[in-house]
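Taking it in order: structure first as structure tokens, then the write-up.
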Amino acid sequence: MSKEFPLQQVLELACAAQRVNGEYLKEVESVFDSEGKFMYMKHANKVLVRKSLKLGDSTNTAPEFAPQEIFVEDADRELANEIQKYFKRLMFAAVKGDNEFQMEVNTLLTLGVVPDNKIGFIACLPSVYRRDSANSQIEKRARNADKEYLSAVGSSLFDKDCEILASQRSKNFDAWNVDAIIDNKMVSWFSKVDMKVGPCVVIKSKVKDHSLHWKYGNPVTRLNFVKAVQ
């Protein structure tokens with residue numbers, strides 16, 4: 001017989017797991033040092049949540065293999081409240097029956113409890129919320145941005161105020177793909193570190209090429225050799 005847990009408790013733990021892992025992990029990953037020596041296992045967000053609920057997924061007690069202990073902080077509680085409000089506003093879409101994932105989330109939000117076999121749906125919500133929020137912000141700014149390129153290909157830029165719209169881990173490269181606005185024009189670049197959404201200063205960069213945004217069709221100035229600070 002499955003156990004049930006309060007939705008708020010599970011969602012707060014899901015936010016804590018997202019914070020600890022720094023991303024949403026669906027499967028376990030091995031972490032190695034700079035010399036290629038194994039350090040520890042990085043467990044899926046769902047596993048971290050289940051461990052905190054004492055559901056005991058892992059039988060290996062060696063520290064380097066065991067799921068990390070997570071603790072809920074105030075920021076996790078605040079984020080959990082934001083996520084609940086956000087997805088409750090989307091309930092109308094679930095009623096239409098055209099999105100199986102959202103229908104499942106809608107049911108859990110309505111019931112206010114989470115069976116242990118549905119924890120995975122809640123564990124991914126912080127990641128989904130972040131992605132959807134970023135997409136909404138990009139769409140809004142794309143509509144209002146100037147429909148022209150920032151500068152000519154090959155030109156150099158210095159000391160530009162910038163607004164980071166999104167920073168997403170690339171599926172093909174060891175980097176984050178950054179979408180941003182400079183002088184009310186859309187720009188993008190690869191960053192070695194995850195950039196925070198919000199204000200930024202591009203100290204220097206070069207214009208690599210011109211393209212169109214894959215989704216909104218806006219002119220996008222692609223940058224490289226970017227030095228940016230927040």
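Residue names in the structure tokens use chain letters A, B, ... in the order shown, residue numbers from 1 in each chain, and ligand numbers from 1 in the order shown.
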Find the residues near A:Glu29: any atom within 12 Å, counting only C-alpha atoms, skip ones fewer than 4 places away on the same chain, and give them as a count of residues only. 14
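Contact shell of A:Arg19 at 10 Å (only C-alpha atoms; same-chain neighbours under 5 positions omitted): Leu13, Ala14, Tyr24, Asn45, Ile70, Val72, Glu73, Ala75, Asp76 and Pro126 of chain A.
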Store the residues picked out above in a file with C-alpha atoms, as a PDB file, in the first residue's frame.
ATOM      1  CA  LEU A  13      11.932  19.054  -0.623  1.00  0.00           C
ATOM      2  CA  ALA A  14      11.854  19.117  -4.434  1.00  0.00           C
ATOM      3  CA  TYR A  24      17.143  18.576 -12.386  1.00  0.00           C
ATOM      4  CA  ASN A  45      16.261  14.788  -7.482  1.00  0.00           C
ATOM      5  CA  ILE A  70      18.981  17.678   1.984  1.00  0.00           C
ATOM      6  CA  VAL A  72      14.653  22.733   3.449  1.00  0.00           C
ATOM      7  CA  GLU A  73      15.572  26.429   3.685  1.00  0.00           C
ATOM      8  CA  ALA A  75      14.114  30.106   0.000  1.00  0.00           C
ATOM      9  CA  ASP A  76      12.844  26.591  -0.800  1.00  0.00           C
ATOM     10  CA  PRO A 126      11.118  23.407  -9.853  1.00  0.00           C
TER      11      PRO A 126
END
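We find atom CA of A:Asp146 and atom CA of A:Val229 to be spaced 24.1 Å apart.
Picture a line from atom CA of A:Thr110 to atom CA of A:Met91; it runs 9.5 Å.
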Please determine, counting only C-alpha atoms, which residue among A:Ala16, A:Val47, A:Met186, A:Leu55 has the shortest atom-to-atom distance to A:Tyr216. A:Met186
Find the residues of stretch 77-142 of chain A that sit at most 10 Å from stretch 155-178 of chain A; for each, write down the nearest two atoms and how far apart they are in Å, to one decimal. Count only C-alpha atoms. Sort by chain, then by number going up, and give it as CSV.
residue,atom,partner,partner_atom,distance
A:Arg130,CA,A:Ala166,CA,9.4
A:Arg131,CA,A:Gln168,CA,8.5
A:Ser133,CA,A:Ala166,CA,9.2
A:Ala134,CA,A:Ala166,CA,5.6
A:Asn135,CA,A:Ala166,CA,7.8
A:Ser136,CA,A:Leu165,CA,9.6
A:Gln137,CA,A:Leu165,CA,6.5
A:Ile138,CA,A:Leu165,CA,5.9
A:Glu139,CA,A:Leu165,CA,9.7
A:Arg141,CA,A:Leu165,CA,8.4
Produce a file of the selected residues containing C-alpha atoms, as a short mmCIF file (atom, residue, chain, number, x, y, z; two decimals), in the first residue's frame.
data_model
loop_
_atom_site.label_atom_id
_atom_site.label_comp_id
_atom_site.auth_asym_id
_atom_site.auth_seq_id
_atom_site.Cartn_x
_atom_site.Cartn_y
_atom_site.Cartn_z
CA ARG A 130 12.23 27.75 -14.06
CA ARG A 131 12.14 26.77 -17.72
CA SER A 133 9.35 31.32 -16.42
CA ALA A 134 12.45 31.85 -18.55
CA ASN A 135 10.51 31.14 -21.75
CA SER A 136 7.77 33.59 -20.74
CA GLN A 137 10.34 36.28 -20.01
CA ILE A 138 12.11 35.72 -23.33
CA GLU A 139 8.82 35.82 -25.22
CA ARG A 141 11.12 40.77 -24.20
#
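Shell of A:Phe121 at 8 Å, with only C-alpha atoms counted and residues fewer than 2 places along the chain excluded, is Phe101, Glu104, Val105, Lys118, Ile119, Ala123, Cys124 and Leu125 of chain A.
Residues lying within 12 Å of A:Ser205, counting only C-alpha atoms and ignoring same-chain neighbours fewer than 4 positions away, are Ser151, Val153, Gly154, Ser155, Ser156, Leu157, Phe158, Asp159, Lys160, Val187, Ser188, Trp189, Phe190, Ser191, Val201, Thr221, Arg222, Leu223, Asn224, Phe225, Val226, Lys227 and Ala228 of chain A.
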Include C-alpha atoms and write out the residues we just selected as a PDB file, in the first residue's frame.
ATOM      1  CA  SER A 151      26.482  45.484 -34.270  1.00  0.00           C
ATOM      2  CA  VAL A 153      29.925  40.843 -37.490  1.00  0.00           C
ATOM      3  CA  GLY A 154      33.536  41.050 -36.320  1.00  0.00           C
ATOM      4  CA  SER A 155      33.070  44.252 -34.327  1.00  0.00           C
ATOM      5  CA  SER A 156      34.091  44.537 -30.662  1.00  0.00           C
ATOM      6  CA  LEU A 157      31.849  45.591 -27.795  1.00  0.00           C
ATOM      7  CA  PHE A 158      32.921  47.123 -24.499  1.00  0.00           C
ATOM      8  CA  ASP A 159      31.185  47.945 -21.194  1.00  0.00           C
ATOM      9  CA  LYS A 160      27.635  47.159 -22.230  1.00  0.00           C
ATOM     10  CA  VAL A 187      21.981  38.710 -28.075  1.00  0.00           C
ATOM     11  CA  SER A 188      23.249  35.276 -27.094  1.00  0.00           C
ATOM     12  CA  TRP A 189      26.503  33.523 -26.238  1.00  0.00           C
ATOM     13  CA  PHE A 190      28.008  30.417 -24.634  1.00  0.00           C
ATOM     14  CA  SER A 191      29.159  30.869 -21.039  1.00  0.00           C
ATOM     15  CA  VAL A 201      27.660  44.000 -17.561  1.00  0.00           C
ATOM     16  CA  THR A 221      23.470  38.921 -32.409  1.00  0.00           C
ATOM     17  CA  ARG A 222      25.665  35.976 -31.448  1.00  0.00           C
ATOM     18  CA  LEU A 223      28.677  36.928 -29.313  1.00  0.00           C
ATOM     19  CA  ASN A 224      31.919  35.160 -28.445  1.00  0.00           C
ATOM     20  CA  PHE A 225      34.968  35.879 -26.272  1.00  0.00           C
ATOM     21  CA  VAL A 226      32.528  37.310 -23.754  1.00  0.00           C
ATOM     22  CA  LYS A 227      33.723  38.626 -20.420  1.00  0.00           C
ATOM     23  CA  ALA A 228      30.678  39.363 -18.281  1.00  0.00           C
TER      24      ALA A 228
END
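From atom CA of A:Tyr86 back to atom CA of A:Asp132, the distance works out to 9.9 Å.
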Which of these, A:Val220, A:Cys200, A:Val10, A:Val20, has the shortest distance to A:Leu109 once you count only C-alpha atoms? A:Val10
Run DSSP on the backbone and give me the residues of stretch 87-189 of chain A it puts in alpha helix (DSSP H), as a compact mmCIF listing (two decimals) with N, CA and C atoms, in the first residue's frame.
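The resulting file, selection_10.txt, is shown below:
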# COMPACT_ATOMS: atom_id res chain seq x y z
N PHE A 87 1.30 26.87 -11.12
CA PHE A 87 0.66 25.73 -11.76
C PHE A 87 -0.84 25.71 -11.52
N LYS A 88 -1.31 26.30 -10.44
CA LYS A 88 -2.75 26.40 -10.24
C LYS A 88 -3.38 27.33 -11.26
N ARG A 89 -2.62 28.34 -11.72
CA ARG A 89 -3.13 29.24 -12.75
C ARG A 89 -3.24 28.52 -14.10
N MET A 91 -4.33 25.42 -14.46
CA MET A 91 -5.24 24.28 -14.35
C MET A 91 -6.19 24.16 -15.53
N PHE A 92 -6.58 25.29 -16.13
CA PHE A 92 -7.53 25.24 -17.24
C PHE A 92 -7.00 24.40 -18.38
N ALA A 93 -5.68 24.42 -18.60
CA ALA A 93 -5.09 23.63 -19.69
C ALA A 93 -5.24 22.14 -19.40
N ALA A 94 -5.10 21.78 -18.12
CA ALA A 94 -5.21 20.37 -17.75
C ALA A 94 -6.64 19.87 -17.93
N VAL A 95 -7.61 20.75 -17.70
CA VAL A 95 -9.00 20.35 -17.84
C VAL A 95 -9.31 19.96 -19.28
N GLU A 100 -0.89 15.34 -20.68
CA GLU A 100 -0.97 14.29 -19.65
C GLU A 100 -0.19 14.66 -18.40
N PHE A 101 1.01 15.24 -18.58
CA PHE A 101 1.81 15.63 -17.43
C PHE A 101 1.08 16.65 -16.58
N GLN A 102 0.51 17.68 -17.23
CA GLN A 102 -0.16 18.72 -16.46
C GLN A 102 -1.44 18.20 -15.81
N MET A 103 -2.11 17.26 -16.45
CA MET A 103 -3.29 16.64 -15.84
C MET A 103 -2.91 15.93 -14.55
N GLU A 104 -1.76 15.24 -14.56
CA GLU A 104 -1.30 14.55 -13.36
C GLU A 104 -0.96 15.55 -12.26
N VAL A 105 -0.25 16.63 -12.64
CA VAL A 105 0.10 17.67 -11.67
C VAL A 105 -1.15 18.33 -11.13
N ASN A 106 -2.12 18.57 -11.99
CA ASN A 106 -3.38 19.18 -11.58
C ASN A 106 -4.08 18.33 -10.53
N THR A 107 -4.08 17.03 -10.73
CA THR A 107 -4.70 16.13 -9.76
C THR A 107 -4.02 16.21 -8.41
N LEU A 108 -2.69 16.24 -8.42
CA LEU A 108 -1.94 16.32 -7.16
C LEU A 108 -2.18 17.65 -6.46
N LEU A 109 -2.25 18.74 -7.23
CA LEU A 109 -2.52 20.06 -6.65
C LEU A 109 -3.90 20.10 -6.03
N THR A 110 -4.85 19.47 -6.69
CA THR A 110 -6.23 19.47 -6.20
C THR A 110 -6.35 18.64 -4.92
N LEU A 111 -5.71 17.48 -4.91
CA LEU A 111 -5.77 16.59 -3.74
C LEU A 111 -4.97 17.13 -2.57
N ILE A 119 5.91 10.85 -6.67
CA ILE A 119 6.87 11.86 -6.23
C ILE A 119 7.67 12.43 -7.40
N GLY A 120 7.92 11.60 -8.41
CA GLY A 120 8.68 12.06 -9.57
C GLY A 120 8.04 13.25 -10.27
N PHE A 121 6.70 13.31 -10.28
CA PHE A 121 6.01 14.43 -10.92
C PHE A 121 6.30 15.74 -10.18
N ILE A 122 6.42 15.67 -8.86
CA ILE A 122 6.67 16.87 -8.06
C ILE A 122 8.16 17.21 -8.08
N ALA A 123 9.02 16.20 -8.11
CA ALA A 123 10.47 16.44 -8.06
C ALA A 123 10.94 17.29 -9.24
N LEU A 125 9.11 19.66 -10.81
CA LEU A 125 8.39 20.93 -10.96
C LEU A 125 9.28 22.17 -10.82
N PRO A 126 10.26 22.21 -9.89
CA PRO A 126 11.12 23.41 -9.85
C PRO A 126 11.83 23.66 -11.18
N SER A 127 12.27 22.58 -11.84
CA SER A 127 12.95 22.73 -13.13
C SER A 127 11.97 23.19 -14.21
N VAL A 128 10.77 22.61 -14.23
CA VAL A 128 9.76 23.00 -15.20
C VAL A 128 9.36 24.45 -15.00
N TYR A 129 9.19 24.84 -13.74
CA TYR A 129 8.81 26.22 -13.42
C TYR A 129 9.88 27.20 -13.89
N ARG A 130 11.14 26.88 -13.63
CA ARG A 130 12.23 27.75 -14.06
C ARG A 130 12.27 27.87 -15.58
N ARG A 131 12.11 26.75 -16.26
CA ARG A 131 12.14 26.77 -17.72
C ARG A 131 10.98 27.58 -18.28
N ASP A 132 9.78 27.34 -17.75
CA ASP A 132 8.60 28.05 -18.25
C ASP A 132 8.69 29.55 -17.96
N SER A 133 9.20 29.90 -16.77
CA SER A 133 9.35 31.32 -16.42
C SER A 133 10.34 32.00 -17.35
N ALA A 134 11.44 31.30 -17.64
CA ALA A 134 12.45 31.85 -18.55
C ALA A 134 11.87 32.04 -19.94
N ASN A 135 11.10 31.05 -20.41
CA ASN A 135 10.51 31.14 -21.75
C ASN A 135 9.51 32.29 -21.84
N SER A 136 8.74 32.49 -20.76
CA SER A 136 7.77 33.59 -20.74
C SER A 136 8.47 34.93 -20.78
N GLN A 137 9.58 35.03 -20.03
CA GLN A 137 10.34 36.28 -20.01
C GLN A 137 10.96 36.57 -21.37
N ILE A 138 11.51 35.54 -22.00
CA ILE A 138 12.11 35.72 -23.33
C ILE A 138 11.05 36.14 -24.34
N GLU A 139 9.89 35.49 -24.29
CA GLU A 139 8.82 35.82 -25.22
C GLU A 139 8.37 37.26 -25.05
N LYS A 140 8.23 37.70 -23.81
CA LYS A 140 7.79 39.08 -23.54
C LYS A 140 8.81 40.08 -24.06
N ARG A 141 10.10 39.84 -23.75
CA ARG A 141 11.12 40.77 -24.20
C ARG A 141 11.34 40.72 -25.71
N ALA A 142 11.15 39.54 -26.30
CA ALA A 142 11.30 39.40 -27.74
C ALA A 142 10.28 40.26 -28.48
N ARG A 143 9.06 40.31 -27.96
CA ARG A 143 8.02 41.12 -28.59
C ARG A 143 8.37 42.61 -28.57
N ASN A 144 9.07 43.03 -27.50
CA ASN A 144 9.36 44.45 -27.31
C ASN A 144 10.76 44.87 -27.79
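Distances from A:Glu78, A:Glu35, A:Asp179, A:Asp194 to A:Gln8 were compared using only C-alpha atoms, and the smallest one belongs to A:Glu78.
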